[in-house]
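Undergrad: Before we start, here is the structure in question, set down as structure tokens.
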Amino acid sequence: QVQLVESGGGLVQAGGSLRLSCAASGRTFDSLGMGWFRQAPGKERAFVIAINKSGSGTYCADSVKGRFTISRDNAKNTVYLQMNSLKPEDTAVYYCAAGSSWSGAVLTFPYEYSHWGQGTQVTVSS
């Protein structure tokens with residue numbers, strides 16, 4: 001089993017920045033692809049950004065391209081989501097997810113992830 005704990009959410013003004021962290025425990029972290037998803041009120045959970053198990057590859061949704069970056073520190077069992085130039089439409093609950101990735105591919109679909117965090121709220125005011 002893998003336990004994921006997100007932190008770093010909060011309230012920020014439009015144009016501001018936040019960094020989310022996701023600490024993993026319970027399994028070899030460097031065997032896991034990691035990703036972030038978000039769910040806004042009344043909407044389905046959506047893919048945001050992901051990183052492969054080695055950290056050599058990332059992929060993000062068009063809506064966050066150029067503003068969000070993902071990184072990981074395998075020594076600390078932690079993945080980070082750096083969010084810059086935040087917009088009100090970025091307001092959502094952000095979820096960290098982990099999935100097995102034998103090929104080292106970047107995982108982008110929810111069904112590829114077997115473990116999820118509890119979520120952290122990000123609110124961007126206009």
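Simple scheme: letters A, B, ... for chains in structure tokens order, numbers from 1 for residues in each chain, numbers from 1 for ligands in the order shown.
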So that I can check the surroundings of Gly66 in chain A, please list as a list in words every protein, DNA and RNA residue that reaches within 12 Å of it, counting only C-alpha atoms and ignoring chain neighbours fewer than 6 positions away.
TA: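 The neighbour list is Ile49, Tyr59, Cys60, Gln82, Met83, Asn84, Ser85 and Leu86 of chain A.
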Undergrad: Let me make sure I understand: among A:Leu81, A:Ala46, A:Ala97, A:Ala40, which one has the smallest atom-to-atom distance to Ala24 in chain A if we use only C-alpha atoms?
TA: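 Among the listed residues, the smallest separation from Ala24 in chain A belongs to A:Ala97.
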Undergrad: What's around Ala23 in chain A at 7 Å? Count only C-alpha atoms, leave out sequence neighbours fewer than 4 positions away in its own chain, and write the answer as a VMD selection string.
TA: chain A and resid 4 to 6 77 to 79
Undergrad: Taking into account only C-alpha atoms, which residue in the set A:Ser126, A:Ser54, A:Thr91, A:Ser31 is nearest to Asp73 in chain A?
TA: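 Of A:Ser126, A:Ser54, A:Thr91, A:Ser31, the one nearest Asp73 in chain A is A:Ser54, counting only C-alpha atoms.
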Undergrad: Give me, please, the distance in Å between CA of Ser21 in chain A and CA of Gly8 in chain A, quoted to one decimal.
TA: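 Value for the CA of Ser21 in chain A-CA of Gly8 in chain A distance: 6.2 Å.
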Undergrad: Near Gly26 in chain A, counting only C-alpha atoms, which residues have an atom at most 8 Å away, once you skip same-chain residues fewer than 2 positions from it, shown as a PyMOL selection string?
TA: chain A and resi 1-3+24+28
Undergrad: Using only C-alpha atoms for the distances, tell me which of A:Arg19, A:Arg38, A:Lys43, A:Lys53 is nearest to Arg67 in chain A.
TA: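 Smallest separation from Arg67 in chain A among the options: A:Arg19.
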Undergrad: Which of range 18-76 of chain A counts as strand (DSSP E or B) under DSSP, as a count of residues only please?
TA: 31
Undergrad: Could you tell me how far CA of Ser71 in chain A sits from CA of Thr58 in chain A, in Å to one decimal place?
TA: 8.5 Å
Undergrad: Any idea what the distance is between CA of Glu44 in chain A and CA of Tyr94 in chain A?
TA: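 If I compute the distance from CA of Glu44 in chain A to CA of Tyr94 in chain A, I get 12.1 Å.
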Undergrad: Which residue gives the smallest distance to Leu11 in chain A among A:Ala98, A:Val106, A:Val48, A:Val93, with only C-alpha atoms counted?
TA: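 Counting only C-alpha atoms, the residue closest to Leu11 in chain A is A:Val93.
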Undergrad: Determine the nearest neighbour of His115 in chain A from the options A:Gln13, A:Ser25, A:Ser63, A:Thr69, counting only C-alpha atoms.
TA: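 The shortest atom-to-atom distance to His115 in chain A comes from A:Ser25.
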Undergrad: Please return as a PyMOL selection string: the residues of chain A that backbone DSSP assigns to helix (DSSP H, G or I).
TA: chain A and resi 29-31+62-64+88-90+110-112
Undergrad: Could you save those same residues with C-alpha atoms as a compact mmCIF listing (two decimals), in the first residue's frame?
TA:
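Listing of part.txt after writing:
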# COMPACT_ATOMS: atom_id res chain seq x y z
CA PHE A 29 8.79 5.69 -4.27
CA ASP A 30 11.09 5.50 -7.26
CA SER A 31 9.00 2.71 -8.78
CA ASP A 62 -2.78 22.47 -22.07
CA SER A 63 -4.60 24.61 -19.52
CA VAL A 64 -1.55 24.75 -17.25
CA PRO A 88 -9.45 31.88 -10.73
CA GLU A 89 -10.24 28.91 -12.98
CA ASP A 90 -7.44 27.00 -11.25
CA PRO A 110 -6.98 8.29 -13.75
CA TYR A 111 -7.29 4.53 -14.28
CA GLU A 112 -3.50 4.26 -14.39
Undergrad: With only C-alpha atoms as the basis for distance, which of A:Gly104, A:Gly16, A:Gly35, A:Gly117 is at the shortest distance from Lys87 in chain A?
TA: A:Gly16
Undergrad: Which residues are near Thr123 in chain A? Cut-off 7 Å, only C-alpha atoms, ignore same chain within fewer than 2 positions. Put them as a short mmCIF file (atom, residue, chain, number, x, y, z; two decimals) with C-alpha atoms, in the first residue's frame.
TA:
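Generated output (selection.cif):
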data_model
loop_
_atom_site.label_atom_id
_atom_site.label_comp_id
_atom_site.auth_asym_id
_atom_site.auth_seq_id
_atom_site.Cartn_x
_atom_site.Cartn_y
_atom_site.Cartn_z
CA GLY A 10 -4.62 27.65 0.36
CA LEU A 11 -6.01 30.96 -0.80
CA VAL A 12 -4.02 33.09 -3.24
CA THR A 91 -9.60 26.89 -8.13
CA ALA A 92 -10.17 23.24 -7.25
CA GLN A 121 -8.00 22.93 -1.61
CA SER A 125 -9.36 34.93 -5.93
#
